[in-house]
Amino acid sequence: MKITIGSHVLSGMRAGYPLVALETAVVTHGLPYPLNLQTILGMEAAVRELAVIPVSIGVLSGEVVIGLTEAEIASLASAESPMKVGVRELPLASLGVISGGTTVSATAYLAHRYGLAVLATGGIGGVHRGACNSFDISADLTILGKTPITVVSSGAKAILDIGLTLEFMETQGITVAGYGTNIFPAFYAAGSPYRLALRLDSPMEVAKVALARDELGLQSALLITKPVSTALEIPWEELISYVEQIEGEIKAAGVSGQDVTPQMLNRLCTATADRTLQANLSLLIENARLGAEIALAISAERKRLHG
């Protein structure tokens with residue numbers, strides 16, 4: 001199996017620069033071309049503005065790449081029928097035939113394995129509605145339960161069962177904190193009915209919690225949830241009404257498995273006249289920027305503690 005670490009990543013590691021991992025399922029499955037390419041490059045630019053190295057992770061023709069170049073990202077963004085690569089699909093790369101974007105689960109696993117401390121994304125997967133019967137639970141949650149990395153997201157999408165998602169994360173030992181809030185955000189909505197026990201208000205507070213987790217030898221993730229801008233959000237009550245309507249349509253159409261999420265999101269975009277798309281684009285850039293700030297803080301705190 002071929003695994004390549006980009007030369008810019010290796011150079012940054014040797015020079016002691018902080019790094020931020022970026023997932024690429026948003027490129028292959030989350031946004032249309034060419035908006036997907038523009039957005040991931042915008043996320044990388046937001047990270048670089050703070051002198052932090054962005055590390056986009058993906059799979060190209062069976063090669064797992066930790067730190068895609070701009071040309072490689074462009075190739076992935078325009079690929080025909082790319083695979084959505086979670087942890088279970090990673091071994092398939094050994095066959096040398098697949099190309100695809102890595103999900104949060106695969107990105108978190110690879111980022112931690114190759115020494116990165118922070119991952120920035122839009123939203124994590126979670127427990128799907130009706131999971132009591134279907135057992136449809138994203139691998140994001142199980143991987144984050146055994147991967148000591150710091151993840152910046154805007155919570156979980158409202159198309160999921162957020163209450164059960166939070167319960168499952170507690171079971172997995174995942175520390176969930178609101179960034180500047182005590183409310184768990186629901187991706188397009190800045191708030192939800194679900195309160196959080198932990199609020200952190202600065203990158204340095206996040207860094208201290210992350211390093212305390214490492215010192216304790218705990219193996220689960222620290223999930224930092226940053227709400228989307230209130231100027232662009234779709235308020236919870238409005239959003240959930242759309243979700244419930246579209247959920248019924250999806251069930252009637254017989255959609256299941258990995259097809260549910262993209263179908264739901266596409267229909268939400270149409271129903272809201274692209275408001276979900278505008279919220280998505282904003283939070284992706286802002287989460288990448290916060291990820292860079294946290295990576296800087298972790299690096300500074302490590303130096304203070306260990307010299």
# chains A, B, ... in the order shown; residues from 1 in each chain; ligands from 1

call {"tool": "select_by_dssp", "arguments": {"residues": "range 11-196 of chain A", "states": "strand (DSSP E or B)", "output": "VMD selection string"}}
result
chain A and resid 19 to 22 53 to 60 63 to 66 83 to 85 100 to 102 118 to 120 124 127 to 128 137 150 to 153 155 to 156 160 175 to 179 183 186 189 195

call {"tool": "write_last_selection", "arguments": {"atoms": "N, CA and C atoms", "output": "short mmCIF file (atom, residue, chain, number, x, y, z; two decimals), in the first residue's frame"}}
result
data_model
loop_
_atom_site.label_atom_id
_atom_site.label_comp_id
_atom_site.auth_asym_id
_atom_site.auth_seq_id
_atom_site.Cartn_x
_atom_site.Cartn_y
_atom_site.Cartn_z
N LEU A 19 0.59 22.23 12.22
CA LEU A 19 -0.12 21.77 11.04
C LEU A 19 -1.59 21.53 11.37
N VAL A 20 -2.44 21.62 10.35
CA VAL A 20 -3.87 21.35 10.51
C VAL A 20 -4.31 20.42 9.38
N ALA A 21 -4.92 19.30 9.75
CA ALA A 21 -5.45 18.37 8.76
C ALA A 21 -6.81 18.85 8.26
N LEU A 22 -7.07 18.62 6.96
CA LEU A 22 -8.35 18.94 6.34
C LEU A 22 -8.88 17.71 5.63
N ILE A 53 0.56 25.17 8.53
CA ILE A 53 0.57 24.40 7.29
C ILE A 53 -0.72 23.58 7.16
N PRO A 54 -1.50 23.80 6.10
CA PRO A 54 -2.68 22.97 5.87
C PRO A 54 -2.27 21.62 5.28
N VAL A 55 -2.93 20.57 5.73
CA VAL A 55 -2.60 19.22 5.26
C VAL A 55 -3.89 18.55 4.80
N SER A 56 -4.21 18.74 3.53
CA SER A 56 -5.39 18.09 2.96
C SER A 56 -5.04 16.64 2.68
N ILE A 57 -5.93 15.74 3.09
CA ILE A 57 -5.66 14.30 3.00
C ILE A 57 -6.68 13.67 2.05
N GLY A 58 -6.20 12.80 1.16
CA GLY A 58 -7.09 12.13 0.22
C GLY A 58 -6.44 10.91 -0.38
N VAL A 59 -7.15 10.27 -1.30
CA VAL A 59 -6.66 9.07 -1.98
C VAL A 59 -6.72 9.31 -3.48
N LEU A 60 -5.58 9.13 -4.16
CA LEU A 60 -5.48 9.32 -5.60
C LEU A 60 -4.93 8.06 -6.25
N GLU A 63 -3.26 5.75 -4.01
CA GLU A 63 -2.20 6.32 -3.17
C GLU A 63 -2.81 7.22 -2.11
N VAL A 64 -2.56 6.88 -0.85
CA VAL A 64 -3.01 7.73 0.26
C VAL A 64 -2.02 8.88 0.38
N VAL A 65 -2.52 10.11 0.27
CA VAL A 65 -1.64 11.28 0.28
C VAL A 65 -1.94 12.13 1.51
N ILE A 66 -0.91 12.31 2.33
CA ILE A 66 -1.00 13.17 3.51
C ILE A 66 -0.40 14.51 3.13
N MET A 83 -14.70 7.84 -4.71
CA MET A 83 -15.23 7.10 -3.57
C MET A 83 -15.22 7.98 -2.32
N LYS A 84 -16.20 7.77 -1.47
CA LYS A 84 -16.20 8.39 -0.16
C LYS A 84 -15.41 7.46 0.75
N VAL A 85 -14.21 7.88 1.16
CA VAL A 85 -13.27 6.99 1.83
C VAL A 85 -13.31 7.17 3.35
N GLY A 100 -10.55 9.09 -4.01
CA GLY A 100 -11.68 9.57 -3.23
C GLY A 100 -11.28 10.53 -2.15
N GLY A 101 -12.30 11.14 -1.58
CA GLY A 101 -12.11 12.08 -0.47
C GLY A 101 -12.25 11.36 0.85
N THR A 102 -11.41 11.68 1.79
CA THR A 102 -11.46 11.04 3.10
C THR A 102 -12.47 11.73 4.00
N VAL A 118 -4.38 18.43 15.08
CA VAL A 118 -5.64 19.17 14.88
C VAL A 118 -6.24 18.84 13.51
N LEU A 119 -7.55 18.67 13.49
CA LEU A 119 -8.31 18.47 12.26
C LEU A 119 -9.44 19.48 12.23
N ALA A 120 -9.61 20.16 11.10
CA ALA A 120 -10.71 21.10 10.93
C ALA A 120 -11.65 20.59 9.85
N ILE A 124 -19.35 16.85 11.87
CA ILE A 124 -19.05 15.44 12.02
C ILE A 124 -20.30 14.61 11.71
N VAL A 127 -25.26 9.87 14.88
CA VAL A 127 -26.30 8.84 14.94
C VAL A 127 -27.47 9.30 14.07
N HIS A 128 -27.85 8.48 13.11
CA HIS A 128 -28.93 8.86 12.20
C HIS A 128 -30.29 8.67 12.86
N ILE A 137 -24.97 4.40 12.50
CA ILE A 137 -24.14 5.31 13.29
C ILE A 137 -22.84 5.54 12.54
N THR A 150 -7.58 16.72 18.20
CA THR A 150 -8.53 17.81 18.44
C THR A 150 -9.23 18.13 17.13
N VAL A 151 -10.55 18.09 17.14
CA VAL A 151 -11.35 18.29 15.94
C VAL A 151 -12.18 19.56 16.09
N VAL A 152 -12.10 20.44 15.10
CA VAL A 152 -12.91 21.64 15.07
C VAL A 152 -14.03 21.43 14.06
N SER A 153 -15.28 21.58 14.50
CA SER A 153 -16.42 21.45 13.60
C SER A 153 -17.52 22.39 14.07
N GLY A 155 -20.41 21.29 14.97
CA GLY A 155 -21.32 20.32 15.55
C GLY A 155 -21.68 19.23 14.56
N ALA A 156 -22.94 18.79 14.62
CA ALA A 156 -23.44 17.74 13.73
C ALA A 156 -24.64 18.27 12.98
N LEU A 160 -29.32 14.60 11.53
CA LEU A 160 -29.01 13.49 12.42
C LEU A 160 -29.87 13.58 13.69
N THR A 175 -14.60 14.16 24.56
CA THR A 175 -14.84 15.42 25.25
C THR A 175 -15.39 16.42 24.25
N VAL A 176 -16.59 16.94 24.51
CA VAL A 176 -17.24 17.89 23.60
C VAL A 176 -17.32 19.25 24.28
N ALA A 177 -16.80 20.26 23.61
CA ALA A 177 -16.82 21.62 24.16
C ALA A 177 -17.40 22.59 23.14
N GLY A 178 -18.17 23.53 23.63
CA GLY A 178 -18.64 24.61 22.77
C GLY A 178 -17.59 25.70 22.73
N TYR A 179 -17.34 26.26 21.56
CA TYR A 179 -16.38 27.35 21.47
C TYR A 179 -17.13 28.67 21.59
N ILE A 183 -24.06 25.87 24.04
CA ILE A 183 -25.07 25.19 23.24
C ILE A 183 -24.40 24.42 22.11
N ALA A 186 -25.85 23.02 15.45
CA ALA A 186 -26.38 22.01 14.53
C ALA A 186 -26.04 22.38 13.09
N ALA A 189 -27.50 25.58 11.76
CA ALA A 189 -28.08 26.36 12.87
C ALA A 189 -27.02 26.60 13.92
N ARG A 195 -27.71 21.46 25.45
CA ARG A 195 -26.68 22.20 26.17
C ARG A 195 -25.43 21.34 26.36
#

call {"tool": "atom_distance", "arguments": {"atom1": "CA of Ile98 in chain A", "atom2": "CA of Ile40 in chain A"}}
result
20.7 Å

call {"tool": "residues_around", "arguments": {"residues": "Ala77 in chain A", "least_positions_apart": "3", "cutoff": "9 Å", "atoms": "only C-alpha atoms", "output": "list in words"}}
result
Thr24, Val27, Thr28, Pro32, Tyr33, Pro34, Asn36, Leu37, Glu72, Ile73, Ala74, Glu80, Pro82 and Gly101 of chain A

call {"tool": "write_last_selection", "arguments": {"atoms": "N, CA and C atoms", "output": "mmCIF file, in the first residue's frame"}}
result
data_model
loop_
_atom_site.group_PDB
_atom_site.id
_atom_site.type_symbol
_atom_site.label_atom_id
_atom_site.label_comp_id
_atom_site.auth_asym_id
_atom_site.auth_seq_id
_atom_site.Cartn_x
_atom_site.Cartn_y
_atom_site.Cartn_z
ATOM 1 N N THR A 24 -11.286 15.644 2.857
ATOM 2 C CA THR A 24 -11.589 15.946 1.460
ATOM 3 C C THR A 24 -12.891 15.326 0.964
ATOM 4 N N VAL A 27 -14.827 17.820 -0.580
ATOM 5 C CA VAL A 27 -14.462 18.127 -1.967
ATOM 6 C C VAL A 27 -15.163 17.177 -2.929
ATOM 7 N N THR A 28 -15.156 15.890 -2.609
ATOM 8 C CA THR A 28 -15.689 14.894 -3.535
ATOM 9 C C THR A 28 -17.197 14.689 -3.412
ATOM 10 N N PRO A 32 -20.483 21.050 -5.099
ATOM 11 C CA PRO A 32 -20.355 20.868 -6.552
ATOM 12 C C PRO A 32 -19.075 21.506 -7.091
ATOM 13 N N TYR A 33 -18.611 21.007 -8.226
ATOM 14 C CA TYR A 33 -17.464 21.595 -8.909
ATOM 15 C C TYR A 33 -17.924 22.853 -9.658
ATOM 16 N N PRO A 34 -17.164 23.954 -9.663
ATOM 17 C CA PRO A 34 -15.825 24.152 -9.103
ATOM 18 C C PRO A 34 -15.832 24.742 -7.689
ATOM 19 N N ASN A 36 -16.309 23.296 -4.953
ATOM 20 C CA ASN A 36 -15.569 22.426 -4.032
ATOM 21 C C ASN A 36 -14.083 22.766 -4.028
ATOM 22 N N LEU A 37 -13.537 22.989 -5.215
ATOM 23 C CA LEU A 37 -12.118 23.332 -5.325
ATOM 24 C C LEU A 37 -11.844 24.704 -4.714
ATOM 25 N N GLU A 72 -3.040 18.169 -7.131
ATOM 26 C CA GLU A 72 -3.688 16.925 -6.707
ATOM 27 C C GLU A 72 -5.096 17.192 -6.186
ATOM 28 N N ILE A 73 -5.262 18.296 -5.466
ATOM 29 C CA ILE A 73 -6.598 18.668 -4.994
ATOM 30 C C ILE A 73 -7.514 18.939 -6.180
ATOM 31 N N ALA A 74 -6.991 19.638 -7.196
ATOM 32 C CA ALA A 74 -7.784 19.933 -8.394
ATOM 33 C C ALA A 74 -8.190 18.647 -9.099
ATOM 34 N N GLU A 80 -14.156 11.745 -11.694
ATOM 35 C CA GLU A 80 -15.444 11.140 -11.988
ATOM 36 C C GLU A 80 -15.702 9.976 -11.028
ATOM 37 N N PRO A 82 -15.777 9.600 -7.680
ATOM 38 C CA PRO A 82 -14.825 9.334 -6.603
ATOM 39 C C PRO A 82 -15.502 8.590 -5.463
ATOM 40 N N GLY A 101 -12.303 11.143 -1.581
ATOM 41 C CA GLY A 101 -12.108 12.077 -0.474
ATOM 42 C C GLY A 101 -12.254 11.361 0.846
#

call {"tool": "atom_distance", "arguments": {"atom1": "CA of Glu23 in chain A", "atom2": "CA of Thr121 in chain A"}}
result
6.5 Å

call {"tool": "residues_around", "arguments": {"residues": "range 238-240 of chain A", "least_positions_apart": "2", "cutoff": "9 Å", "atoms": "only C-alpha atoms", "output": "list of chain:residue names"}}
result
A:Ala158, A:Ile159, A:Tyr188, A:Ala189, A:Ile234, A:Pro235, A:Trp236, A:Tyr242, A:Val243, A:Glu244, A:Gln245, A:Leu268, A:Thr272

call {"tool": "closest_atom_pairs", "arguments": {"of": "range 167-261 of chain A", "to": "range 138-142 of chain A", "cutoff": "9 Å", "atoms": "only C-alpha atoms", "output": "JSON lines"}}
result
{"residue": "A:Phe168", "atom": "CA", "partner": "A:Leu141", "partner_atom": "CA", "distance": 7.6}
{"residue": "A:Met169", "atom": "CA", "partner": "A:Leu141", "partner_atom": "CA", "distance": 6.5}
{"residue": "A:Gln172", "atom": "CA", "partner": "A:Thr142", "partner_atom": "CA", "distance": 6.9}
{"residue": "A:Ile174", "atom": "CA", "partner": "A:Leu141", "partner_atom": "CA", "distance": 8.4}

call {"tool": "write_last_selection", "arguments": {"atoms": "N, CA and C atoms", "output": "mmCIF file, in the first residue's frame"}}
result
data_model
loop_
_atom_site.group_PDB
_atom_site.id
_atom_site.type_symbol
_atom_site.label_atom_id
_atom_site.label_comp_id
_atom_site.auth_asym_id
_atom_site.auth_seq_id
_atom_site.Cartn_x
_atom_site.Cartn_y
_atom_site.Cartn_z
ATOM 1 N N PHE A 168 -24.014 9.105 22.427
ATOM 2 C CA PHE A 168 -23.034 8.137 21.931
ATOM 3 C C PHE A 168 -21.615 8.659 22.119
ATOM 4 N N MET A 169 -21.424 9.963 21.922
ATOM 5 C CA MET A 169 -20.088 10.531 22.138
ATOM 6 C C MET A 169 -19.687 10.429 23.599
ATOM 7 N N GLN A 172 -18.476 7.026 24.142
ATOM 8 C CA GLN A 172 -17.155 6.840 23.535
ATOM 9 C C GLN A 172 -16.047 7.603 24.271
ATOM 10 N N ILE A 174 -15.641 10.871 24.273
ATOM 11 C CA ILE A 174 -15.231 12.051 23.506
ATOM 12 C C ILE A 174 -15.585 13.310 24.296
#

call {"tool": "residues_around", "arguments": {"residues": "range 301-307 of chain A", "least_positions_apart": "6", "cutoff": "9 Å", "atoms": "only C-alpha atoms", "output": "list of chain:residue names"}}
result
A:Met204, A:Ala207, A:Lys208, A:Leu211

call {"tool": "write_last_selection", "arguments": {"atoms": "C-alpha atoms", "output": "short mmCIF file (atom, residue, chain, number, x, y, z; two decimals), in the first residue's frame"}}
result
data_model
loop_
_atom_site.label_atom_id
_atom_site.label_comp_id
_atom_site.auth_asym_id
_atom_site.auth_seq_id
_atom_site.Cartn_x
_atom_site.Cartn_y
_atom_site.Cartn_z
CA MET A 204 -5.11 28.48 24.54
CA ALA A 207 -4.71 23.68 23.87
CA LYS A 208 -4.53 23.17 27.63
CA LEU A 211 -2.54 18.52 26.27
#

call {"tool": "select_by_dssp", "arguments": {"residues": "range 166-240 of chain A", "states": "alpha helix (DSSP H)", "output": "list in words"}}
result
Leu166, Glu167, Phe168, Met169, Glu170, Thr171, Gln172, Pro203, Met204, Glu205, Val206, Ala207, Lys208, Val209, Ala210, Leu211, Ala212, Arg213, Asp214, Glu215, Leu216, Trp236, Glu237, Glu238, Leu239 and Ile240 of chain A

call {"tool": "closest_residue", "arguments": {"among": "A:Ile162, A:Ile294, A:Val87, A:Leu41", "to": "Leu200 in chain A", "atoms": "only C-alpha atoms"}}
result
A:Ile294

call {"tool": "residues_around", "arguments": {"residues": "range 217-219 of chain A", "least_positions_apart": "4", "cutoff": "9 Å", "atoms": "only C-alpha atoms", "output": "NGL selection string"}}
result
:A and (144-149 or 173-174 or 212-213)

call {"tool": "write_last_selection", "arguments": {"atoms": "C-alpha atoms", "output": "compact mmCIF listing (two decimals), in the first residue's frame"}}
result
# COMPACT_ATOMS: atom_id res chain seq x y z
CA LEU A 144 -13.03 9.77 17.46
CA GLY A 145 -13.64 7.59 20.52
CA LYS A 146 -10.21 6.02 20.07
CA THR A 147 -8.17 8.75 18.39
CA PRO A 148 -6.58 11.49 20.57
CA ILE A 149 -6.87 14.39 18.15
CA GLY A 173 -15.42 9.18 26.00
CA ILE A 174 -15.23 12.05 23.51
CA ALA A 212 -4.10 17.48 29.59
CA ARG A 213 -5.90 14.72 27.70

call {"tool": "atom_distance", "arguments": {"atom1": "CA of Ser81 in chain A", "atom2": "CA of Val97 in chain A"}}
result
12.2 Å

call {"tool": "residues_around", "arguments": {"residues": "range 89-96 of chain A", "least_positions_apart": "5", "cutoff": "6 Å", "atoms": "only C-alpha atoms", "output": "list in words"}}
result
Met1, Ser61 and Gly62 of chain A

call {"tool": "decode", "arguments": {"residues": "range 58-91 of chain A", "atoms": "N, CA and C atoms", "output": "compact mmCIF listing (two decimals), in the first residue's frame"}}
result
# COMPACT_ATOMS: atom_id res chain seq x y z
N GLY A 58 -6.20 12.80 1.16
CA GLY A 58 -7.09 12.13 0.22
C GLY A 58 -6.44 10.91 -0.38
N VAL A 59 -7.15 10.27 -1.30
CA VAL A 59 -6.66 9.07 -1.98
C VAL A 59 -6.72 9.31 -3.48
N LEU A 60 -5.58 9.13 -4.16
CA LEU A 60 -5.48 9.32 -5.60
C LEU A 60 -4.93 8.06 -6.25
N SER A 61 -5.74 7.42 -7.08
CA SER A 61 -5.32 6.21 -7.80
C SER A 61 -4.65 5.20 -6.88
N GLY A 62 -5.26 4.99 -5.72
CA GLY A 62 -4.74 4.00 -4.78
C GLY A 62 -3.63 4.49 -3.88
N GLU A 63 -3.26 5.75 -4.01
CA GLU A 63 -2.20 6.32 -3.17
C GLU A 63 -2.81 7.22 -2.11
N VAL A 64 -2.56 6.88 -0.85
CA VAL A 64 -3.01 7.73 0.26
C VAL A 64 -2.02 8.88 0.38
N VAL A 65 -2.52 10.11 0.27
CA VAL A 65 -1.64 11.28 0.28
C VAL A 65 -1.94 12.13 1.51
N ILE A 66 -0.91 12.31 2.33
CA ILE A 66 -1.00 13.17 3.51
C ILE A 66 -0.40 14.51 3.13
N GLY A 67 -1.24 15.41 2.65
CA GLY A 67 -0.75 16.71 2.20
C GLY A 67 -0.79 16.80 0.69
N LEU A 68 -2.00 16.88 0.14
CA LEU A 68 -2.18 16.99 -1.31
C LEU A 68 -1.66 18.34 -1.81
N THR A 69 -1.04 18.33 -2.98
CA THR A 69 -0.67 19.58 -3.63
C THR A 69 -1.91 20.21 -4.25
N GLU A 70 -1.79 21.46 -4.69
CA GLU A 70 -2.93 22.13 -5.31
C GLU A 70 -3.37 21.38 -6.56
N ALA A 71 -2.40 20.88 -7.34
CA ALA A 71 -2.74 20.12 -8.56
C ALA A 71 -3.46 18.83 -8.20
N GLU A 72 -3.04 18.17 -7.13
CA GLU A 72 -3.69 16.92 -6.71
C GLU A 72 -5.10 17.19 -6.19
N ILE A 73 -5.26 18.30 -5.47
CA ILE A 73 -6.60 18.67 -4.99
C ILE A 73 -7.51 18.94 -6.18
N ALA A 74 -6.99 19.64 -7.20
CA ALA A 74 -7.78 19.93 -8.39
C ALA A 74 -8.19 18.65 -9.10
N SER A 75 -7.28 17.69 -9.15
CA SER A 75 -7.58 16.39 -9.76
C SER A 75 -8.68 15.67 -9.01
N LEU A 76 -8.61 15.70 -7.69
CA LEU A 76 -9.63 15.05 -6.86
C LEU A 76 -10.97 15.76 -6.99
N ALA A 77 -10.94 17.08 -7.08
CA ALA A 77 -12.17 17.86 -7.16
C ALA A 77 -12.94 17.59 -8.44
N SER A 78 -12.24 17.24 -9.50
CA SER A 78 -12.89 17.01 -10.80
C SER A 78 -12.98 15.53 -11.16
N ALA A 79 -12.62 14.65 -10.23
CA ALA A 79 -12.63 13.21 -10.50
C ALA A 79 -14.04 12.70 -10.78
N GLU A 80 -14.16 11.74 -11.69
CA GLU A 80 -15.44 11.14 -11.99
C GLU A 80 -15.70 9.98 -11.03
N SER A 81 -16.86 9.97 -10.42
CA SER A 81 -17.28 8.89 -9.50
C SER A 81 -16.25 8.59 -8.41
N PRO A 82 -15.78 9.60 -7.68
CA PRO A 82 -14.82 9.33 -6.60
C PRO A 82 -15.50 8.59 -5.46
N MET A 83 -14.70 7.84 -4.71
CA MET A 83 -15.23 7.10 -3.57
C MET A 83 -15.22 7.98 -2.32
N LYS A 84 -16.20 7.77 -1.47
CA LYS A 84 -16.20 8.39 -0.16
C LYS A 84 -15.41 7.46 0.75
N VAL A 85 -14.21 7.88 1.16
CA VAL A 85 -13.27 6.99 1.83
C VAL A 85 -13.31 7.17 3.35
N GLY A 86 -13.96 6.24 4.02
CA GLY A 86 -13.91 6.18 5.47
C GLY A 86 -12.84 5.20 5.89
N VAL A 87 -12.76 4.89 7.18
CA VAL A 87 -11.71 3.97 7.64
C VAL A 87 -11.87 2.59 7.02
N ARG A 88 -13.10 2.13 6.82
CA ARG A 88 -13.27 0.78 6.28
C ARG A 88 -12.82 0.68 4.82
N GLU A 89 -12.83 1.82 4.10
CA GLU A 89 -12.41 1.80 2.70
C GLU A 89 -10.91 1.98 2.52
N LEU A 90 -10.20 2.45 3.53
CA LEU A 90 -8.77 2.73 3.37
C LEU A 90 -7.97 1.53 2.86
N PRO A 91 -8.21 0.30 3.35
CA PRO A 91 -7.42 -0.83 2.84
C PRO A 91 -7.61 -1.08 1.35
